[in-house]
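**Student:** This is entry_26.tsv (TSV, C-alpha atoms).
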chain	number	residue	atom	x	y	z
A	205	MET	CA	0.00	0.00	0.00
A	206	SER	CA	1.06	3.59	-0.58
A	207	THR	CA	2.73	5.70	2.09
A	208	ARG	CA	0.87	8.69	3.51
A	209	GLN	CA	3.15	10.94	1.45
A	210	LYS	CA	2.23	9.09	-1.75
A	211	GLN	CA	-1.46	9.32	-0.84
A	212	LEU	CA	-1.19	13.08	-0.36
A	213	GLU	CA	0.70	13.43	-3.65
A	214	ALA	CA	-2.03	11.49	-5.48
A	215	PHE	CA	-4.74	13.66	-3.96
A	216	GLY	CA	-2.79	16.79	-4.88
A	217	ARG	CA	-2.50	15.50	-8.44
A	218	LEU	CA	-6.28	15.11	-8.61
A	219	LEU	CA	-6.73	18.68	-7.37
A	220	ASP	CA	-4.30	19.95	-10.00
A	221	ILE	CA	-6.15	18.08	-12.76
A	222	MET	CA	-9.45	19.48	-11.50
A	223	ASP	CA	-8.00	23.00	-11.76
A	224	ASP	CA	-6.94	22.29	-15.34
A	225	LEU	CA	-10.30	20.85	-16.35
A	226	ARG	CA	-12.25	23.71	-14.83
A	227	GLU	CA	-10.06	26.22	-16.69
A	228	LYS	CA	-9.62	24.53	-20.06
A	229	CYS	CA	-12.36	21.94	-20.75
A	230	PRO	CA	-15.58	23.35	-22.30
A	231	TRP	CA	-17.75	20.69	-20.62
A	232	ASP	CA	-16.17	20.97	-17.17
A	233	LYS	CA	-16.30	24.76	-17.27
A	234	LYS	CA	-20.08	24.70	-17.77
A	235	GLN	CA	-20.91	22.41	-14.85
A	236	THR	CA	-22.70	23.60	-11.73
A	237	MET	CA	-23.59	21.83	-8.49
A	238	GLN	CA	-27.11	21.41	-9.85
A	239	SER	CA	-25.94	19.88	-13.15
A	240	LEU	CA	-23.63	17.46	-11.35
A	241	ARG	CA	-26.18	16.32	-8.79
A	242	HIS	CA	-27.89	13.58	-10.81
A	243	LEU	CA	-24.51	12.34	-12.07
A	244	THR	CA	-23.24	12.06	-8.50
A	245	ILE	CA	-26.29	10.02	-7.52
A	246	GLU	CA	-25.68	7.72	-10.51
A	247	GLU	CA	-22.02	7.27	-9.54
A	248	THR	CA	-23.06	6.44	-5.97
A	249	TYR	CA	-25.38	3.70	-7.19
A	250	GLU	CA	-22.66	2.33	-9.47
A	251	LEU	CA	-20.36	2.13	-6.45
A	252	GLY	CA	-23.14	0.36	-4.54
A	253	ASP	CA	-23.48	-2.20	-7.35
A	254	ALA	CA	-19.74	-2.89	-7.32
A	255	ILE	CA	-19.80	-3.38	-3.54
A	256	LEU	CA	-22.74	-5.79	-3.76
A	257	ASP	CA	-20.89	-7.74	-6.47
A	258	ASN	CA	-17.75	-7.74	-4.30
A	259	ASP	CA	-15.85	-6.54	-7.39
A	260	LEU	CA	-12.94	-4.73	-5.74
A	261	VAL	CA	-11.39	-3.64	-9.03
A	262	GLU	CA	-14.67	-1.95	-9.92
A	263	VAL	CA	-15.01	-0.55	-6.38
A	264	LYS	CA	-11.66	1.18	-6.83
A	265	LYS	CA	-12.77	2.70	-10.15
A	266	GLU	CA	-16.12	3.86	-8.81
A	267	LEU	CA	-14.51	5.39	-5.72
A	268	GLY	CA	-12.33	7.40	-8.08
A	269	ASP	CA	-15.37	8.59	-10.02
A	270	LEU	CA	-17.12	9.61	-6.81
A	271	MET	CA	-14.00	11.33	-5.47
A	272	LEU	CA	-13.79	13.34	-8.66
A	273	HIS	CA	-17.31	14.61	-7.99
A	274	LEU	CA	-16.43	15.59	-4.42
A	275	VAL	CA	-13.39	17.52	-5.62
A	276	PHE	CA	-15.53	19.09	-8.37
A	277	TYR	CA	-18.07	20.44	-5.86
A	278	ALA	CA	-15.26	21.83	-3.69
A	279	LYS	CA	-13.69	23.51	-6.72
A	280	ILE	CA	-17.00	25.19	-7.59
A	281	GLY	CA	-17.36	26.30	-3.97
A	282	SER	CA	-13.90	27.86	-4.05
A	283	GLU	CA	-14.77	29.88	-7.15
A	284	THR	CA	-17.53	31.68	-5.25
A	285	ASN	CA	-15.33	31.99	-2.13
A	286	ASP	CA	-17.81	29.92	-0.10
A	287	PHE	CA	-15.53	26.99	0.72
A	288	ASP	CA	-12.69	24.92	-0.70
A	289	ILE	CA	-11.47	21.35	-0.28
A	290	ALA	CA	-9.52	22.26	2.87
A	291	ASP	CA	-12.69	23.64	4.48
A	292	VAL	CA	-14.53	20.45	3.54
A	293	CYS	CA	-11.85	18.20	5.02
A	294	ASN	CA	-11.40	20.28	8.17
A	295	GLU	CA	-15.13	20.43	8.82
A	296	ILE	CA	-15.55	16.66	8.66
A	297	CYS	CA	-12.45	16.23	10.82
A	298	GLU	CA	-13.88	18.53	13.49
A	299	LYS	CA	-17.22	16.72	13.35
A	300	LEU	CA	-15.56	13.32	13.75
A	301	ILE	CA	-13.51	14.50	16.70
A	302	HIS	CA	-16.57	16.04	18.37
A	303	ARG	CA	-18.74	12.97	17.75
A	304	HIS	CA	-16.11	10.51	19.04
A	305	PRO	CA	-15.44	11.69	22.60
A	306	HIS	CA	-14.60	8.09	23.52
A	307	ILE	CA	-11.53	8.47	21.25
A	308	TYR	CA	-10.62	12.14	21.58
A	309	SER	CA	-11.82	12.80	25.14
A	310	ASP	CA	-12.32	10.91	28.38
A	311	THR	CA	-15.79	9.50	27.62
A	312	VAL	CA	-16.08	5.75	28.15
A	313	VAL	CA	-18.42	3.57	26.08
A	314	ALA	CA	-19.33	-0.07	26.57
A	315	ASP	CA	-20.05	-1.09	22.98
A	316	GLU	CA	-21.07	-0.07	19.46
A	317	GLU	CA	-24.67	0.57	20.50
A	318	GLU	CA	-23.60	3.13	23.08
A	319	VAL	CA	-21.47	4.87	20.45
A	320	LYS	CA	-24.58	5.22	18.26
A	321	GLN	CA	-26.62	6.58	21.17
A	322	ASN	CA	-23.96	9.16	22.01
A	323	TRP	CA	-23.79	10.16	18.34
A	324	GLU	CA	-27.50	11.00	18.23
A	325	LYS	CA	-27.37	12.83	21.58
A	326	LEU	CA	-24.48	14.98	20.37
A	327	LYS	CA	-26.39	15.87	17.20
A	328	LEU	CA	-29.33	17.08	19.28
A	329	LYS	CA	-26.95	19.21	21.35
A	330	GLU	CA	-25.67	20.73	18.09
A	331	GLY	CA	-29.07	22.32	17.54
A	332	ARG	CA	-31.21	19.73	15.79
A	333	SER	CA	-34.76	19.65	17.10
A	334	SER	CA	-35.39	16.06	16.02
A	335	VAL	CA	-33.26	12.93	15.70
A	336	LEU	CA	-34.93	12.46	12.31
A	337	GLU	CA	-33.73	15.76	10.85
A	338	GLY	CA	-30.65	14.09	9.43
A	339	VAL	CA	-32.61	11.65	7.25
A	340	PRO	CA	-32.43	12.98	3.66
A	341	LYS	CA	-35.85	13.53	2.11
A	342	SER	CA	-34.72	12.20	-1.26
A	343	LEU	CA	-33.53	8.80	0.02
A	344	PRO	CA	-35.20	5.77	-1.59
A	345	ALA	CA	-38.08	4.64	0.62
A	346	VAL	CA	-36.51	1.36	1.78
A	347	VAL	CA	-33.25	3.05	2.75
A	348	LYS	CA	-35.15	5.91	4.40
A	349	ALA	CA	-37.21	3.48	6.50
A	350	SER	CA	-34.02	1.76	7.65
A	351	ARG	CA	-32.38	5.05	8.63
A	352	ILE	CA	-35.50	6.21	10.49
A	353	GLN	CA	-35.59	3.01	12.51
A	354	GLU	CA	-31.86	3.13	13.28
A	355	LYS	CA	-32.09	6.71	14.48
A	356	VAL	CA	-35.06	6.24	16.81
A	357	ARG	CA	-33.41	3.10	18.19
A	358	ALA	CA	-30.43	5.22	19.21
A	359	VAL	CA	-32.65	7.17	21.62
A	360	GLY	CA	-34.35	4.07	23.03
A	361	PHE	CA	-37.53	3.95	20.91
A	362	ASP	CA	-37.48	0.33	19.80
A	363	TRP	CA	-38.74	-3.18	20.31
A	364	GLU	CA	-36.86	-5.43	22.71
A	365	GLN	CA	-37.03	-8.80	20.97
A	366	PRO	CA	-37.25	-10.00	17.34
A	367	GLU	CA	-40.33	-12.04	18.26
A	368	GLN	CA	-42.20	-8.85	19.11
A	369	VAL	CA	-41.37	-7.39	15.71
A	370	TRP	CA	-42.52	-10.55	13.93
A	371	GLU	CA	-45.83	-10.35	15.79
A	372	LYS	CA	-46.14	-6.79	14.49
A	373	VAL	CA	-45.48	-8.00	10.94
A	374	GLN	CA	-48.26	-10.56	11.27
A	375	GLU	CA	-50.59	-7.94	12.74
A	376	GLU	CA	-49.91	-5.62	9.80
A	377	LEU	CA	-50.48	-8.46	7.31
A	378	ASP	CA	-53.84	-9.19	8.90
A	379	GLU	CA	-54.81	-5.52	8.67
A	380	LEU	CA	-53.76	-5.47	5.00
A	381	GLN	CA	-56.00	-8.45	4.26
A	382	VAL	CA	-58.95	-6.70	5.88
A	383	GLU	CA	-58.54	-3.76	3.50
A	384	VAL	CA	-57.94	-6.05	0.51
A	385	ARG	CA	-61.28	-7.73	1.20
A	386	ALA	CA	-62.92	-4.31	1.61
A	387	GLY	CA	-61.44	-3.17	-1.71
A	388	ASP	CA	-60.43	0.31	-0.55
A	389	GLN	CA	-57.37	1.13	-2.69
A	390	ASP	CA	-56.14	4.02	-0.53
A	391	LYS	CA	-56.36	2.00	2.69
A	392	MET	CA	-54.74	-1.00	0.98
A	393	GLU	CA	-51.77	1.18	0.03
A	394	ALA	CA	-51.48	2.54	3.57
A	395	GLU	CA	-51.56	-0.94	5.10
A	396	PHE	CA	-49.13	-2.29	2.52
A	397	GLY	CA	-46.73	0.47	3.52
A	398	ASP	CA	-47.11	-0.58	7.16
A	399	VAL	CA	-46.26	-4.17	6.18
A	400	LEU	CA	-43.11	-3.05	4.39
A	401	PHE	CA	-42.06	-0.81	7.27
A	402	SER	CA	-42.53	-3.62	9.78
A	403	MET	CA	-40.63	-6.08	7.56
A	404	ILE	CA	-37.74	-3.62	7.30
A	405	ASN	CA	-37.81	-3.37	11.09
A	406	TYR	CA	-37.71	-7.16	11.37
A	407	ALA	CA	-34.78	-7.29	8.96
A	408	ARG	CA	-32.89	-4.92	11.24
A	409	PHE	CA	-33.39	-7.25	14.19
A	410	LEU	CA	-32.09	-10.13	12.07
A	411	LYS	CA	-29.07	-7.98	11.12
A	412	ILE	CA	-30.12	-8.06	7.46
A	413	ASN	CA	-29.80	-4.98	5.27
A	414	PRO	CA	-33.19	-4.91	3.49
A	415	GLU	CA	-31.88	-2.90	0.53
A	416	ASP	CA	-29.08	-5.41	-0.04
A	417	ALA	CA	-31.45	-8.33	0.44
A	418	LEU	CA	-33.94	-6.99	-2.09
A	419	GLU	CA	-31.21	-6.16	-4.61
A	420	ARG	CA	-29.87	-9.71	-4.20
A	421	THR	CA	-33.32	-11.02	-5.11
A	422	ASN	CA	-33.52	-8.59	-8.05
A	423	LYS	CA	-30.24	-9.91	-9.42
A	424	LYS	CA	-31.36	-13.50	-8.92
A	425	PHE	CA	-34.64	-12.86	-10.73
A	426	ILE	CA	-32.89	-11.11	-13.63
A	427	LYS	CA	-30.45	-14.00	-14.04
A	428	ARG	CA	-33.24	-16.59	-14.09
A	429	PHE	CA	-35.50	-14.60	-16.40
A	430	GLN	CA	-32.68	-13.99	-18.87
A	431	TYR	CA	-31.98	-17.74	-18.84
A	432	LEU	CA	-35.65	-18.27	-19.68
A	433	GLU	CA	-35.38	-15.73	-22.53
A	434	SER	CA	-32.26	-17.43	-23.91
A	435	LYS	CA	-33.92	-20.84	-23.89
A	436	ALA	CA	-37.00	-19.45	-25.60
A	437	GLY	CA	-34.67	-17.91	-28.20
A	438	GLU	CA	-33.04	-21.28	-28.82
A	439	LEU	CA	-36.48	-22.69	-29.54
A	440	GLY	CA	-37.27	-19.76	-31.80
A	441	LYS	CA	-40.39	-19.13	-29.79
A	442	PRO	CA	-41.32	-15.69	-28.38
A	443	LEU	CA	-42.10	-15.71	-24.67
A	444	MET	CA	-45.54	-14.29	-25.34
A	445	ASP	CA	-46.35	-17.40	-27.39
A	446	MET	CA	-45.31	-19.78	-24.60
A	447	THR	CA	-47.62	-21.07	-21.93
A	448	LEU	CA	-46.84	-20.44	-18.28
A	449	GLU	CA	-46.22	-24.18	-17.88
A	450	GLU	CA	-43.63	-24.12	-20.68
A	451	MET	CA	-41.88	-21.12	-19.19
A	452	ASP	CA	-41.90	-22.72	-15.76
A	453	VAL	CA	-39.81	-25.65	-17.04
A	454	PHE	CA	-36.95	-23.30	-17.93
A	455	TRP	CA	-37.48	-21.27	-14.75
A	456	GLU	CA	-36.94	-24.41	-12.66
A	457	GLU	CA	-33.82	-25.17	-14.72
A	458	ALA	CA	-32.54	-21.67	-14.00
A	459	LYS	CA	-33.02	-22.20	-10.26
A	460	ARG	CA	-30.67	-25.20	-10.45
A	461	LEU	CA	-27.88	-23.26	-12.18
A	462	PRO	CA	-24.68	-22.92	-10.13
A	463	LYS	CA	-24.41	-19.68	-8.20
A	464	LYS	CA	-21.63	-17.28	-9.17
Please go through the file and, once you have read it, give me the structure as structure tokens.
**Tutor:**
Amino acid sequence: MSTRQKQLEAFGRLLDIMDDLREKCPWDKKQTMQSLRHLTIEETYELGDAILDNDLVEVKKELGDLMLHLVFYAKIGSETNDFDIADVCNEICEKLIHRHPHIYSDTVVADEEEVKQNWEKLKLKEGRSSVLEGVPKSLPAVVKASRIQEKVRAVGFDWEQPEQVWEKVQEELDELQVEVRAGDQDKMEAEFGDVLFSMINYARFLKINPEDALERTNKKFIKRFQYLESKAGELGKPLMDMTLEEMDVFWEEAKRLPKK
């Protein structure tokens, strides 16, 4: 691995290149924080895909793409004299020091859970009126539900045992079925949301990341369906002309394929 000096030199090289691009490249010169935003989100998801695939070569590449965006935002901030990359780094350093008194002060913690609790308490002392203020509004719903549940747990608002959460899941499923039988679309949607929220809560108690679990299932479904498509292609028969029973034969074959 590189020495700290080599790491700093590499980061300095990136900053120099960013200066060049912002000055000389027509595309880079035109970019704003607003124009970069959707690209940054895309890069973040690409990094997430690489992590889920455990493709470390790709993780390295995607980290570079994301780091470029971070440097880009800091460069734009420096042009308006609002902040630069040093301000960004120093601010996160100060936050980390403040939020880790068990490392940088004389606070003693028993375990990871107490670290999380102290983190949320410190944020409230910093002026936030709610522990939920830090949950981004634009997060995908599954991720947002997970973050909400983690944050309220940190201040003691939580179930005690997984069995209690599973009972809640079953209760919500029963309530959903009541509304399904009644045929009220709005109430069905509300109860379905409650089922999802309670399942995400249950996943947390099982130490399962629901976003990762669902994406794993997505990938598995895609692999099996594409196998089905390929087999239909070999037969020269469009899927829409196949019966469900015919498709199910290939689906069961796909389920027996070795996992990669």
**Student:** How far is it from CA of Asp253 (chain A) to CA of Leu272 (chain A), in Å with one decimal?
**Tutor:**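 Separating CA of Asp253 (chain A) from CA of Leu272 (chain A) is a distance of 18.4 Å.
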**Student:** Between A:Ser342, A:Gln211, A:Gln365, A:Ser334, single out the one closest to Asn405 (chain A), counting only C-alpha atoms.
**Tutor:**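 Checking each of A:Ser342, A:Gln211, A:Gln365, A:Ser334 against Asn405 (chain A), counting only C-alpha atoms, the winner is A:Gln365.
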**Student:** My list of candidates is A:Ala290, A:Val319, A:Ala345, A:Pro414. Which is closest to His304 (chain A) when distances are computed with all atoms listed in the file?
**Tutor:**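 For His304 (chain A), the nearest of the given residues is A:Val319.
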**Student:** May I ask which of the residues A:Ile301, A:Ile296, A:Val339, A:Ala386 is the closest one to Val356 (chain A), counting only C-alpha atoms?
**Tutor:** A:Val339
**Student:** Which residues are near region 408-410 of chain A? Cut-off 12 Å, all atoms listed in the file, ignore same chain within fewer than 6 positions. Put them as a ChimeraX atom specification.
**Tutor:** /A:346-347,349-354,357,362-370,401-402,416-417
**Student:** Pick out the residues sitting within 12 Å of Lys423 (chain A), and hand them over as a list in words; count all atoms listed in the file, and ignore anything fewer than 5 positions along from it in its own chain.
**Tutor:**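 So, after excluding close chain neighbours, the residues are Asp253, Leu256, Asp257, Asp416, Ala417, Leu418, Arg428, Phe429, Gln430, Lys463 and Lys464 of chain A.
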**Student:** To one decimal place, how far is CA of Glu375 (chain A) from CA of Ala394 (chain A) in Å?
**Tutor:**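 Distance reported for this atom pair: 14.0 Å.
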**Student:** Suppose you want the space between CA of Glu449 (chain A) and CA of Phe425 (chain A); what is it in Å?
**Tutor:** 17.7 Å
